[in-house]
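Text of run.cif, listed as mmCIF, C-alpha atoms:
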```cif
data_my_file
#
loop_
_atom_site.label_atom_id
_atom_site.label_comp_id
_atom_site.auth_asym_id
_atom_site.auth_seq_id
_atom_site.Cartn_x
_atom_site.Cartn_y
_atom_site.Cartn_z
CA MET Y 120 -5.61 0.49 -76.84
CA ASN Y 121 -7.68 -0.87 -79.65
CA ASP Y 122 -9.75 -3.98 -79.02
CA SER Y 123 -9.35 -5.19 -82.57
CA GLU Y 124 -5.59 -5.49 -81.99
CA ILE Y 125 -6.03 -8.32 -79.50
CA PRO Y 126 -4.50 -11.44 -81.00
CA GLU Y 127 -7.26 -13.90 -81.70
CA ASP Y 128 -5.56 -16.67 -79.76
CA LEU Y 129 -4.92 -14.61 -76.60
CA GLU Y 130 -8.31 -15.64 -75.23
CA VAL Y 131 -7.59 -19.25 -76.13
CA PHE Y 132 -4.24 -19.02 -74.36
CA TYR Y 133 -5.81 -17.54 -71.24
CA GLU Y 134 -8.60 -20.09 -71.19
CA ALA Y 135 -5.99 -22.85 -71.25
CA LEU Y 136 -3.68 -21.14 -68.77
CA LEU Y 137 -6.43 -20.51 -66.24
CA PHE Y 138 -7.65 -24.07 -66.74
CA ILE Y 139 -4.37 -25.46 -65.41
CA ALA Y 140 -3.76 -22.73 -62.81
CA GLU Y 141 -4.45 -23.81 -59.27
CA ARG Y 142 -4.82 -20.31 -57.88
CA PRO Y 143 -6.22 -17.02 -59.10
CA LEU Y 144 -3.78 -15.16 -61.39
CA SER Y 145 -3.41 -11.40 -61.39
CA SER Y 146 -3.82 -9.25 -64.49
CA THR Y 147 -0.14 -8.38 -64.26
CA GLU Y 148 0.92 -12.03 -64.17
CA LEU Y 149 -1.41 -12.87 -67.03
CA GLY Y 150 -0.01 -10.00 -69.08
CA GLU Y 151 3.56 -11.10 -68.45
CA LEU Y 152 2.83 -14.72 -69.22
CA ALA Y 153 1.40 -13.77 -72.61
CA GLY Y 154 3.95 -11.04 -73.25
CA VAL Y 155 1.29 -8.38 -73.71
CA PRO Y 156 0.54 -5.16 -71.79
CA ARG Y 157 -1.75 -5.52 -68.79
CA LEU Y 158 -4.57 -3.57 -70.41
CA GLN Y 159 -4.55 -5.86 -73.40
CA ALA Y 160 -4.59 -8.87 -71.10
CA GLU Y 161 -7.57 -7.46 -69.22
CA ALA Y 162 -9.45 -6.77 -72.45
CA ALA Y 163 -8.92 -10.36 -73.58
CA LEU Y 164 -9.97 -11.69 -70.17
CA SER Y 165 -13.14 -9.61 -70.13
CA SER Y 166 -13.95 -10.79 -73.61
CA LEU Y 167 -13.32 -14.42 -72.57
CA ALA Y 168 -15.54 -13.96 -69.51
CA GLU Y 169 -18.33 -12.58 -71.67
CA ARG Y 170 -18.00 -15.35 -74.22
CA LEU Y 171 -18.16 -18.11 -71.60
CA ASP Y 172 -21.22 -16.48 -70.14
CA GLU Y 173 -22.99 -15.90 -73.45
CA ASP Y 174 -22.32 -19.39 -74.75
CA GLU Y 175 -23.61 -20.83 -71.45
CA ARG Y 176 -20.55 -23.00 -71.08
CA GLY Y 177 -19.88 -25.16 -68.04
CA ILE Y 178 -17.22 -22.80 -66.76
CA ARG Y 179 -17.09 -19.10 -66.01
CA LEU Y 180 -14.27 -16.65 -65.58
CA GLN Y 181 -14.47 -15.10 -62.13
CA HIS Y 182 -12.60 -11.95 -61.21
CA HIS Y 183 -12.05 -10.16 -57.94
CA ASP Y 184 -9.53 -7.54 -56.89
CA ASP Y 185 -7.60 -7.70 -60.14
CA ALA Y 186 -7.28 -11.51 -60.05
CA TRP Y 187 -8.91 -14.11 -62.28
CA GLN Y 188 -9.83 -17.75 -62.01
CA LEU Y 189 -11.96 -20.27 -63.85
CA VAL Y 190 -14.89 -21.66 -61.88
CA THR Y 191 -17.87 -23.83 -62.68
CA ALA Y 192 -21.06 -22.25 -63.98
CA PRO Y 193 -23.73 -21.37 -61.39
CA ALA Y 194 -26.29 -23.54 -63.19
CA VAL Y 195 -24.41 -26.76 -62.45
CA GLY Y 196 -23.21 -25.82 -58.96
CA ALA Y 197 -25.87 -27.77 -57.11
CA ARG Y 198 -25.35 -30.90 -59.23
CA LEU Y 199 -21.60 -30.83 -58.64
CA ALA Y 200 -22.25 -31.45 -54.97
CA ALA Y 201 -21.84 -35.20 -55.42
CA TYR Y 202 -18.24 -34.65 -56.47
CA ALA Y 203 -17.24 -31.43 -54.76
CA ALA Y 204 -19.46 -31.53 -51.70
CA ARG Y 205 -18.51 -28.80 -49.31
CA GLU Y 206 -20.99 -28.97 -46.54
CA GLU Y 207 -20.74 -25.60 -44.88
CA ALA Y 208 -22.72 -24.61 -41.85
CA ARG Y 209 -25.29 -22.03 -42.84
CA LEU Y 210 -24.48 -18.49 -41.81
CA SER Y 211 -26.49 -16.95 -39.00
CA PRO Y 212 -28.69 -13.93 -39.79
CA ALA Y 213 -26.25 -11.76 -37.85
CA ALA Y 214 -23.29 -13.05 -39.85
CA LEU Y 215 -25.20 -12.51 -43.09
CA GLU Y 216 -26.00 -8.93 -42.09
CA ALA Y 217 -22.37 -8.15 -41.36
CA LEU Y 218 -21.32 -9.90 -44.56
CA ALA Y 219 -23.86 -7.89 -46.56
CA VAL Y 220 -22.48 -4.63 -45.17
CA VAL Y 221 -18.92 -5.63 -46.10
CA ALA Y 222 -19.97 -6.90 -49.53
CA TYR Y 223 -21.92 -3.78 -50.50
CA ARG Y 224 -19.76 -1.20 -48.76
CA GLN Y 225 -16.29 -2.62 -49.25
CA PRO Y 226 -13.75 -1.70 -48.36
CA CYS Y 227 -15.18 -0.84 -44.96
CA THR Y 228 -14.16 -0.97 -41.32
CA ARG Y 229 -15.64 -2.94 -38.48
CA GLY Y 230 -16.92 0.42 -37.21
CA ASP Y 231 -18.88 0.89 -40.45
CA VAL Y 232 -20.47 -2.52 -39.97
CA GLU Y 233 -21.37 -1.69 -36.37
CA ARG Y 234 -22.77 1.71 -37.33
CA VAL Y 235 -25.10 0.22 -39.92
CA ARG Y 236 -26.22 -2.66 -37.70
CA GLY Y 237 -26.24 -0.68 -34.44
CA VAL Y 238 -24.70 -3.74 -32.83
CA ASP Y 239 -21.32 -4.81 -31.56
CA SER Y 240 -20.01 -6.89 -34.47
CA ASP Y 241 -16.62 -8.06 -33.27
CA TYR Y 242 -17.61 -11.69 -32.98
CA VAL Y 243 -19.40 -12.00 -36.31
CA MET Y 244 -16.58 -10.25 -38.13
CA ARG Y 245 -14.11 -12.69 -36.66
CA SER Y 246 -16.26 -15.63 -37.65
CA LEU Y 247 -16.48 -14.26 -41.20
CA MET Y 248 -12.70 -13.94 -41.31
CA HIS Y 249 -12.32 -17.42 -39.93
CA ARG Y 250 -14.50 -18.72 -42.76
CA ARG Y 251 -12.34 -16.75 -45.22
CA LEU Y 252 -15.38 -14.88 -46.51
CA VAL Y 253 -13.87 -11.58 -45.42
CA VAL Y 254 -10.24 -10.48 -45.24
CA GLU Y 255 -8.25 -7.40 -44.31
CA VAL Y 256 -7.56 -5.38 -47.44
CA GLY Y 257 -5.82 -2.35 -45.98
CA ARG Y 258 -6.23 0.48 -43.53
CA ARG Y 259 -8.31 3.62 -43.74
CA ASP Y 260 -6.33 6.82 -43.64
CA THR Y 261 -8.17 8.28 -40.63
CA PRO Y 262 -7.13 8.58 -36.99
CA GLY Y 263 -6.44 5.14 -35.58
CA ARG Y 264 -5.95 3.80 -39.09
CA PRO Y 265 -8.74 1.25 -38.73
CA VAL Y 266 -8.49 -2.00 -40.67
CA LEU Y 267 -10.49 -2.14 -43.90
CA PHE Y 268 -12.25 -5.36 -44.83
CA GLY Y 269 -13.32 -6.76 -48.18
CA THR Y 270 -14.81 -9.98 -49.48
CA THR Y 271 -12.87 -12.88 -51.00
CA PHE Y 272 -13.03 -15.38 -53.83
CA THR Y 273 -14.42 -17.81 -51.26
CA PHE Y 274 -17.32 -15.41 -50.78
CA LEU Y 275 -18.00 -15.17 -54.52
CA GLU Y 276 -17.81 -18.95 -54.92
CA ARG Y 277 -20.10 -19.67 -52.02
CA PHE Y 278 -22.76 -17.26 -53.19
CA GLY Y 279 -22.48 -18.14 -56.86
CA LEU Y 280 -21.20 -14.75 -58.03
CA THR Y 281 -18.70 -14.22 -60.83
CA SER Y 282 -17.74 -10.82 -59.47
CA ILE Y 283 -18.83 -8.23 -56.93
CA ASP Y 284 -20.73 -6.49 -59.74
CA ASP Y 285 -23.06 -9.51 -59.74
CA LEU Y 286 -24.46 -8.67 -56.30
CA PRO Y 287 -28.18 -7.99 -56.48
CA PRO Y 288 -28.66 -4.21 -56.33
CA LEU Y 289 -29.73 -2.60 -53.08
CA SER Y 290 -33.10 -0.92 -53.02
CA SER Y 291 -32.99 2.49 -54.67
CA GLU Y 292 -33.67 4.34 -51.44
CA ALA Y 293 -30.60 2.68 -49.95
CA ALA Y 294 -28.53 3.64 -52.97
CA GLN Y 295 -29.38 7.27 -52.28
CA LEU Y 296 -28.42 6.73 -48.69
CA THR Y 297 -25.02 5.47 -49.72
CA ALA Y 298 -24.21 8.87 -51.11
CA LEU Y 299 -25.39 10.52 -47.89
CA THR Y 300 -23.44 8.07 -45.76
CA ASP Y 301 -20.29 8.61 -47.74
CA SER Y 302 -20.47 12.33 -47.18
CA THR Y 303 -21.00 11.94 -43.43
CA ALA Y 304 -18.27 9.31 -43.21
CA GLY Y 305 -15.93 11.87 -44.74
CA ALA Y 306 -16.98 14.41 -42.12
CA ASP Y 307 -16.46 11.89 -39.33
CA GLY Y 308 -12.97 11.25 -40.54
CA GLU Y 309 -11.84 14.79 -39.84
CA MET W 159 -53.76 14.95 -36.53
CA GLN W 160 -53.90 11.37 -37.62
CA PRO W 161 -54.84 8.66 -35.16
CA ILE W 162 -51.76 7.45 -33.43
CA PRO W 163 -51.18 3.94 -34.68
CA VAL W 164 -48.68 2.86 -32.07
CA GLU W 165 -49.65 2.85 -28.45
CA ALA W 166 -47.83 0.86 -25.87
CA ASP W 167 -50.97 0.43 -23.79
CA ALA W 168 -52.80 -0.97 -26.77
CA VAL W 169 -50.08 -3.52 -27.25
CA ILE W 170 -50.29 -4.67 -23.68
CA ALA W 171 -54.10 -4.74 -23.72
CA VAL W 172 -54.34 -7.08 -26.67
CA PRO W 173 -53.32 -10.52 -25.53
CA ILE W 174 -52.97 -11.91 -29.03
CA GLY W 175 -50.67 -9.10 -29.91
CA ASP W 176 -48.82 -9.75 -26.74
CA VAL W 177 -48.32 -13.41 -27.49
CA GLU W 178 -47.18 -12.62 -30.96
CA PHE W 179 -44.91 -10.00 -29.51
CA ILE W 180 -43.18 -12.47 -27.27
CA LEU W 181 -42.88 -15.14 -29.93
CA ASP W 182 -41.42 -12.73 -32.40
CA LEU W 183 -39.14 -10.85 -30.13
CA SER W 184 -37.10 -13.66 -28.73
CA VAL W 185 -33.78 -12.10 -29.63
CA PHE W 186 -33.08 -8.65 -30.91
CA GLU W 187 -29.46 -8.14 -31.46
CA GLY W 188 -29.56 -4.41 -31.97
CA PRO W 189 -31.76 -1.40 -31.34
CA LEU W 190 -32.30 -0.77 -35.04
CA GLN W 191 -33.45 -4.33 -35.52
CA LEU W 192 -35.95 -3.94 -32.69
CA LEU W 193 -37.16 -0.53 -33.84
CA LEU W 194 -37.60 -1.71 -37.40
CA HIS W 195 -39.48 -4.76 -36.20
CA LEU W 196 -41.84 -2.62 -34.14
CA ILE W 197 -42.57 -0.46 -37.17
CA GLU W 198 -42.91 -3.31 -39.65
CA SER W 199 -44.96 -5.54 -37.38
CA ARG W 200 -47.52 -2.73 -37.25
CA GLN W 201 -47.40 -2.36 -41.02
CA LEU W 202 -46.25 1.21 -40.77
CA ASP W 203 -44.16 2.91 -43.40
CA VAL W 204 -40.64 3.54 -42.22
CA LEU W 205 -40.46 6.58 -44.46
CA THR W 206 -43.47 8.36 -43.00
CA VAL W 207 -44.23 7.09 -39.49
CA PRO W 208 -43.20 9.63 -36.85
CA LEU W 209 -40.58 7.68 -34.96
CA ALA W 210 -41.72 9.30 -31.73
CA GLU W 211 -44.88 7.20 -32.03
CA VAL W 212 -42.86 4.04 -31.61
CA ALA W 213 -41.12 5.25 -28.46
CA ASP W 214 -43.55 3.69 -25.98
CA ALA W 215 -43.55 0.32 -27.68
CA TYR W 216 -39.80 0.38 -27.77
CA VAL W 217 -39.42 1.26 -24.10
CA GLU W 218 -42.13 -1.24 -23.23
CA HIS W 219 -40.18 -3.96 -24.98
CA LEU W 220 -37.01 -3.08 -23.11
CA THR W 221 -38.74 -3.27 -19.73
CA ARG W 222 -40.13 -6.70 -20.48
CA HIS W 223 -37.33 -8.40 -22.33
CA PRO W 224 -33.72 -8.90 -21.43
CA VAL W 225 -31.26 -7.21 -23.70
CA ASP W 226 -27.89 -8.48 -24.70
CA ALA W 227 -25.51 -6.81 -22.25
CA ALA W 228 -22.93 -6.09 -24.94
CA ASN W 229 -25.37 -3.86 -26.82
CA LEU W 230 -27.29 -2.51 -23.83
CA SER W 231 -25.94 1.02 -24.18
CA GLU W 232 -27.01 1.13 -27.83
CA PHE W 233 -30.52 0.09 -26.89
CA VAL W 234 -30.68 2.70 -24.14
CA ALA W 235 -29.28 5.42 -26.38
CA THR W 236 -31.93 4.69 -28.98
CA ALA W 237 -34.62 4.66 -26.30
CA ALA W 238 -33.43 8.05 -25.08
CA GLN W 239 -33.51 9.41 -28.59
CA LEU W 240 -37.06 8.16 -29.14
CA ILE W 241 -38.27 9.59 -25.85
CA TYR W 242 -36.69 12.89 -26.71
CA LEU W 243 -38.43 12.93 -30.08
CA LYS W 244 -41.71 12.11 -28.41
CA SER W 245 -41.33 14.80 -25.78
CA ARG W 246 -40.64 17.35 -28.45
CA ARG W 247 -43.82 16.39 -30.29
CA MET W 248 -45.85 16.83 -27.14
CA LEU W 249 -44.60 20.34 -26.51
CA PRO W 250 -46.12 23.33 -28.27
CA ALA W 251 -44.61 23.74 -31.68
CA GLU W 252 -42.03 26.25 -30.83
CA PRO W 253 -38.56 25.94 -32.23
CA LEU W 254 -36.19 24.86 -29.53
CA PRO W 255 -33.10 26.93 -28.97
CA PRO W 256 -30.10 25.22 -30.46
CA LEU W 257 -27.90 23.34 -28.06
CA PRO W 258 -24.95 25.40 -26.84
CA ASP W 259 -22.43 23.51 -28.92
CA GLY W 260 -24.86 23.18 -31.79
CA THR W 261 -24.48 19.41 -31.92
CA ASP W 262 -25.68 16.24 -30.38
CA GLU W 263 -29.38 16.97 -30.69
CA PRO W 264 -31.07 13.69 -31.46
CA ASP W 265 -32.35 14.05 -34.95
CA GLU W 266 -35.33 12.15 -36.32
CA ASP W 267 -34.02 12.30 -39.87
CA GLU W 268 -30.71 10.83 -38.83
CA LEU W 269 -32.39 7.97 -36.98
CA ARG W 270 -34.70 7.34 -39.93
CA ARG W 271 -31.77 7.36 -42.30
CA ARG W 272 -29.99 4.76 -40.18
CA LEU W 273 -33.16 2.67 -40.10
CA LEU W 274 -33.49 2.78 -43.87
CA GLU W 275 -29.87 1.90 -44.38
CA TYR W 276 -30.14 -0.92 -41.91
CA ARG W 277 -33.30 -2.21 -43.58
CA ALA W 278 -31.73 -2.15 -47.04
CA LEU W 279 -28.72 -4.12 -45.86
CA ARG W 280 -30.82 -6.47 -43.76
CA ASP W 281 -32.92 -7.24 -46.85
CA ALA W 282 -29.75 -7.70 -48.88
CA ALA W 283 -28.50 -10.08 -46.19
CA VAL W 284 -31.70 -12.10 -46.47
CA LYS W 285 -31.23 -12.30 -50.24
CA LEU W 286 -27.64 -13.34 -49.75
CA GLY W 287 -28.74 -15.98 -47.30
CA GLU W 288 -31.13 -17.39 -49.88
CA ARG W 289 -28.26 -18.02 -52.26
CA ASP W 290 -25.86 -19.24 -49.59
CA GLY W 291 -24.29 -22.36 -51.03
CA ILE W 292 -27.29 -23.04 -53.30
CA ARG W 293 -25.47 -22.68 -56.59
CA PRO W 294 -21.85 -22.46 -55.58
CA LEU W 295 -19.10 -21.89 -58.07
CA VAL W 296 -16.38 -24.47 -57.74
CA ARG W 297 -12.76 -23.86 -58.59
CA ARG W 298 -10.06 -26.33 -59.51
CA GLU W 299 -8.84 -28.13 -56.45
CA PRO W 300 -5.11 -28.13 -55.85
CA ARG W 301 -3.64 -31.45 -56.96
CA ASP W 302 -1.57 -32.07 -53.88
CA SER W 303 -0.86 -30.74 -50.49
CA ASP W 304 1.82 -28.10 -50.40
CA LEU W 305 4.17 -30.27 -48.40
CA PRO W 306 7.67 -30.42 -49.87
CA GLU W 307 8.26 -33.28 -52.22
CA ALA W 308 9.49 -36.55 -50.72
CA PRO W 309 13.08 -37.54 -51.57
CA ALA W 310 13.02 -39.07 -55.01
CA GLU W 311 16.00 -41.36 -54.41
CA PRO W 312 15.13 -44.97 -55.04
CA MET W 313 15.36 -47.09 -51.93
CA SER W 314 16.19 -50.73 -51.79
CA VAL W 315 13.76 -53.04 -50.12
CA ALA W 316 16.65 -54.28 -48.01
CA ILE W 317 16.59 -51.00 -46.06
CA LEU W 318 13.01 -51.66 -45.04
CA ALA W 319 13.81 -55.21 -44.09
CA ALA W 320 16.78 -54.08 -42.01
CA ALA W 321 14.66 -51.46 -40.29
CA LEU W 322 12.07 -54.06 -39.44
CA GLU W 323 14.74 -56.33 -38.05
CA ARG W 324 16.11 -53.62 -35.85
CA LEU W 325 12.62 -52.94 -34.56
CA ALA W 326 12.08 -56.60 -33.91
CA SER W 327 15.31 -56.79 -31.94
CA ILE W 328 13.87 -54.52 -29.30
CA PRO W 329 12.32 -57.09 -27.03
CA GLU W 330 8.71 -56.90 -26.00
CA PRO W 331 8.36 -56.23 -22.30
CA MET W 332 8.13 -59.34 -20.18
CA SER W 333 4.68 -59.20 -18.67
CA PRO W 334 5.32 -58.38 -15.04
CA PRO W 335 3.65 -60.31 -12.24
CA PRO W 336 0.30 -58.60 -11.64
CA GLU W 337 1.06 -57.36 -8.13
CA ILE W 338 4.12 -55.45 -9.23
CA VAL W 339 3.58 -51.90 -10.42
CA ALA W 340 4.91 -51.35 -13.91
CA ARG W 341 8.13 -49.40 -14.10
CA GLU W 342 7.53 -45.84 -15.12
CA ILE W 343 9.95 -44.22 -17.43
CA THR W 344 9.97 -40.47 -17.62
CA ILE W 345 11.52 -38.13 -20.11
CA GLY W 346 13.47 -36.62 -17.21
CA GLN W 347 15.04 -39.97 -16.42
CA GLN W 348 15.99 -40.59 -20.02
CA ILE W 349 17.45 -37.11 -20.28
CA GLY W 350 19.67 -38.20 -17.39
CA VAL W 351 20.63 -41.34 -19.29
CA LEU W 352 21.47 -39.34 -22.40
CA ARG W 353 23.49 -36.76 -20.42
CA ARG W 354 25.51 -39.47 -18.72
CA ALA W 355 26.25 -41.07 -22.07
CA LEU W 356 27.16 -37.69 -23.56
CA SER W 357 29.37 -36.74 -20.62
CA ARG W 358 32.01 -39.22 -21.75
CA SER W 359 32.70 -38.23 -25.32
CA GLY W 360 30.18 -35.46 -25.94
CA ARG W 361 28.82 -37.41 -28.87
CA ILE W 362 26.78 -40.58 -29.12
CA VAL W 363 24.91 -42.58 -31.68
CA LEU W 364 21.32 -42.61 -30.50
CA GLN W 365 20.72 -46.15 -31.77
CA SER W 366 23.34 -47.45 -29.33
CA ILE W 367 21.28 -46.11 -26.44
CA LEU W 368 18.02 -47.33 -27.95
CA ALA W 369 19.48 -50.81 -28.31
CA ARG W 370 19.90 -50.99 -24.54
CA CYS W 371 16.27 -50.07 -23.89
CA GLN W 372 14.24 -52.81 -22.35
CA SER W 373 10.92 -51.94 -23.94
CA ARG W 374 9.44 -50.01 -26.77
CA THR W 375 8.06 -47.50 -24.31
CA GLU W 376 11.53 -46.89 -22.96
CA ALA W 377 12.87 -46.49 -26.49
CA ALA W 378 10.09 -44.08 -27.38
CA VAL W 379 10.63 -42.02 -24.23
CA THR W 380 14.37 -41.93 -24.88
CA PHE W 381 13.65 -40.62 -28.34
CA LEU W 382 11.35 -37.96 -26.89
CA ALA W 383 14.07 -37.07 -24.39
CA THR W 384 16.44 -36.52 -27.30
CA LEU W 385 13.94 -34.24 -28.97
CA GLU W 386 13.51 -32.36 -25.72
CA LEU W 387 17.27 -31.79 -25.44
CA VAL W 388 17.34 -30.59 -29.03
CA ARG W 389 14.50 -28.24 -28.26
CA ARG W 390 16.40 -26.84 -25.29
CA ARG W 391 19.37 -26.38 -27.61
CA GLN W 392 21.57 -28.51 -25.37
CA VAL W 393 22.36 -31.02 -28.09
CA THR W 394 22.17 -31.30 -31.83
CA ALA W 395 20.99 -34.37 -33.67
CA ARG W 396 22.00 -35.31 -37.17
CA GLN W 397 21.05 -38.14 -39.46
CA ASP W 398 22.84 -38.19 -42.77
CA GLU W 399 20.76 -40.80 -44.51
CA LEU W 400 17.41 -42.45 -44.08
CA PHE W 401 17.56 -45.00 -41.26
CA GLY W 402 21.23 -44.10 -40.78
CA PRO W 403 22.84 -43.52 -37.41
CA ILE W 404 21.45 -40.53 -35.49
CA VAL W 405 24.45 -38.69 -34.10
CA VAL W 406 23.67 -36.68 -30.97
CA GLU W 407 26.25 -34.12 -29.93
CA SER W 408 26.41 -31.86 -26.88
CA LEU W 409 26.39 -28.17 -27.58
CA PRO W 410 29.05 -26.18 -25.68
CA GLU W 411 26.58 -24.23 -23.54
CA ALA W 412 24.95 -27.41 -22.27
CA GLY W 413 27.50 -27.63 -19.52
CA THR W 414 25.81 -29.94 -17.06
#
```
Please express what this file holds, its structure, as structure tokens.
Amino acid sequence: MNDSEIPEDLEVFYEALLFIAERPLSSTELGELAGVPRLQAEAALSSLAERLDEDERGIRLQHHDDAWQLVTAPAVGARLAAYAAREEARLSPAALEALAVVAYRQPCTRGDVERVRGVDSDYVMRSLMHRRLVVEVGRRDTPGRPVLFGTTFTFLERFGLTSIDDLPPLSSEAAQLTALTDSTAGADGE
Amino acid sequence: MQPIPVEADAVIAVPIGDVEFILDLSVFEGPLQLLLHLIESRQLDVLTVPLAEVADAYVEHLTRHPVDAANLSEFVATAAQLIYLKSRRMLPAEPLPPLPDGTDEPDEDELRRRLLEYRALRDAAVKLGERDGIRPLVRREPRDSDLPEAPAEPMSVAILAAALERLASIPEPMSPPPEIVAREITIGQQIGVLRRALSRSGRIVLQSILARCQSRTEAAVTFLATLELVRRRQVTARQDELFGPIVVESLPEAGT
């Protein structure tokens, strides 16, 4: 797939299409709607996302789990409150901790959250699901087939992120730990 | 050997520290949170402090502060691990024989690793909390509810007028003399009324029953009684057009 083959107006088409769409559209849908292969659609979408960002436009292209939607730019978020006020109760430190584990380690199980926090996390996980910040995304292929959780578009919107890649990086020592944890998690699964 | 920076007795002896202790330690949700707090509040480095040194402070905290029952076992397990680490430090440096099954030995590195991981994610959570709703991204709001569309057929105003007239024809209740208790109408009673009416032909027009009601309450209860019978699958109700006759029909199994 050659980037230069992308029709010039594919980005324009997607910008318009996502402007009128009232829900996130998947790469597959977007490809079909433009009559182009999925990969080509994704290339055009990435390019559109970059362009909106570089030009500091009022909108951004947000993507999560293979779906895309137009959202407002972070810079104007606070000033939009007068129109789109969504007064949400602040999250408790416990809920934020659990949310951070899911966000950085997704997909992960409730057990993973509890292992990191050393605390029973049933209640906070349920409250995160209730707020649609966290959803079930599948099951882990280990005994008991525990439910795997991931974050949602609602999460990205609330925290002003255009994708999960926008999360501030964990401290480097924790990044090393991730590798360690992954290896032990694999051992636990046996 | 370096001076031991953490000493439970020292903590108790210093009243200021004690006060601070109590103020700070109102709620610890988990053992890692408590342990990390004990280390950080003494400005020790998580990476290098021997965790055994924190054991006394940890146990001291547990004896003086209630712990969330749901996580009690976690707190106790961590306490046991710390005490074990401490006891091992106090013994002559002789390698301990491995446990028979070669597992389960509380391991300082493992506990430290969990602490570091917890700290990293706790710090990330604090950062997340700082951006919570501060600069939200807003998406297009759906134009309408997702209720099905209302019938698009044009309606004549006359229908409304007729409906109003029918409503008006149901007389307001005559205000009863104050000493008389108002008549109570129950859904059960009205179910009886409907069943009696249905027993003749097995099919009635609901409006004909409603017309005989003496008050709006009675009409409303009769309507609820109809819904109840529908719910019990003893009758069906059908209305072919807006404000048209509601035909109520007995179902075969409703053989009362």
Which distance in Å separates atom CA of Y:Val243 and atom CA of Y:Ala213, to one decimal?
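Atom-to-atom, atom CA of Y:Val243 and atom CA of Y:Ala213 are spaced 7.0 Å apart.
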Can you turn the PyMOL selection byres ((chain W) within 6 of (chain Y)) into a concrete residue list for this file, as a list in words?
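Selected by the PyMOL selection byres ((chain W) within 6 of (chain Y)) in this file: Gly188, Glu275, Tyr276, Ala278, Arg280, Ala283, Arg289, Asp290, Gly291, Arg293, Pro294, Leu295, Val296, Arg297 and Pro300 of chain W.
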File dump, residues just selected, C-alpha atoms, as a compact mmCIF listing (two decimals), keeping the file's coordinate frame:
```
# COMPACT_ATOMS: atom_id res chain seq x y z
CA GLY W 188 -29.56 -4.41 -31.97
CA GLU W 275 -29.87 1.90 -44.38
CA TYR W 276 -30.14 -0.92 -41.91
CA ALA W 278 -31.73 -2.15 -47.04
CA ARG W 280 -30.82 -6.47 -43.76
CA ALA W 283 -28.50 -10.08 -46.19
CA ARG W 289 -28.26 -18.02 -52.26
CA ASP W 290 -25.86 -19.24 -49.59
CA GLY W 291 -24.29 -22.36 -51.03
CA ARG W 293 -25.47 -22.68 -56.59
CA PRO W 294 -21.85 -22.46 -55.58
CA LEU W 295 -19.10 -21.89 -58.07
CA VAL W 296 -16.38 -24.47 -57.74
CA ARG W 297 -12.76 -23.86 -58.59
CA PRO W 300 -5.11 -28.13 -55.85
```
Residue IDs satisfying the PyMOL selection byres ((chain Y and resi 144-161) around 12), as a PyMOL selection string
chain Y and resi 120-143+162-168+180-189+272
Taking only C-alpha atoms into account, which of Y:Glu255, Y:Asp241, Y:Asp285, Y:Asp260 comes nearest W:Ala228?
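Smallest distance to W:Ala228 is found for Y:Asp241.
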With all atoms listed in the file as the counted atoms, please give the residues lying no more than 6 Å from stretch 340-353 of chain W, apart from itself and same-chain residues fewer than 4 positions off, as a JSON list (two decimals) with C-alpha atoms, in the frame of the given file.
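selection_35.json, freshly written:
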```json
[["chain", "number", "residue", "atom", "x", "y", "z"],
["W", 357, "SER", "CA", 29.37, -36.74, -20.62],
["W", 379, "VAL", "CA", 10.63, -42.02, -24.23],
["W", 380, "THR", "CA", 14.37, -41.93, -24.88],
["W", 383, "ALA", "CA", 14.07, -37.07, -24.39]]
```
Selection dump of the PyMOL selection byres ((chain W and resi 197) around 12), as a PyMOL selection string:
chain W and resi 163-165+190-196+198-216+270+273-274+277
If I take atom CA of Y:Leu252 and atom CA of Y:Thr271, how far is one from the other in Å, to one decimal?
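Between atom CA of Y:Leu252 and atom CA of Y:Thr271 the gap is 5.5 Å.
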For each of Y:Arg229, Y:Arg170, Y:Tyr202, Y:Met248, take the minimum atom-to-atom distance to Y:Pro265, counting only C-alpha atoms, then give the residue where this is smallest.
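Comparing Y:Arg229, Y:Arg170, Y:Tyr202, Y:Met248 against Y:Pro265, the winner is Y:Arg229.
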Distance in Å - atom CA of W:Leu356 versus atom CA of W:Gln392
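Between atom CA of W:Leu356 and atom CA of W:Gln392 the gap is 10.9 Å.
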With 8 Å on each side, where is the centre of the axis-aligned box around all listed atoms of stretch 294-298 of chain W, and how long are its edges in Å to one decimal, as JSON?
```
{"center_x": -16.0, "center_y": -24.1, "center_z": -57.5, "size_x": 27.8, "size_y": 20.4, "size_z": 19.9}
```
Start from the incomplete input, build N, CA and C atoms for stretch 260-264 of chain Y, and deliver everything as a compact mmCIF listing (two decimals), in the frame of the given file.
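What ended up in result-v9.txt:
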```
# COMPACT_ATOMS: atom_id res chain seq x y z
N ASP Y 260 -7.25 5.75 -44.02
CA ASP Y 260 -6.33 6.82 -43.64
C ASP Y 260 -7.04 7.83 -42.75
N THR Y 261 -7.55 7.38 -41.61
CA THR Y 261 -8.17 8.28 -40.63
C THR Y 261 -7.51 7.98 -39.29
N PRO Y 262 -7.77 8.83 -38.28
CA PRO Y 262 -7.13 8.58 -36.99
C PRO Y 262 -7.37 7.14 -36.52
N GLY Y 263 -6.33 6.51 -36.02
CA GLY Y 263 -6.44 5.14 -35.58
C GLY Y 263 -6.19 4.15 -36.70
N ARG Y 264 -6.16 4.66 -37.92
CA ARG Y 264 -5.95 3.80 -39.09
C ARG Y 264 -6.66 2.46 -38.97
```
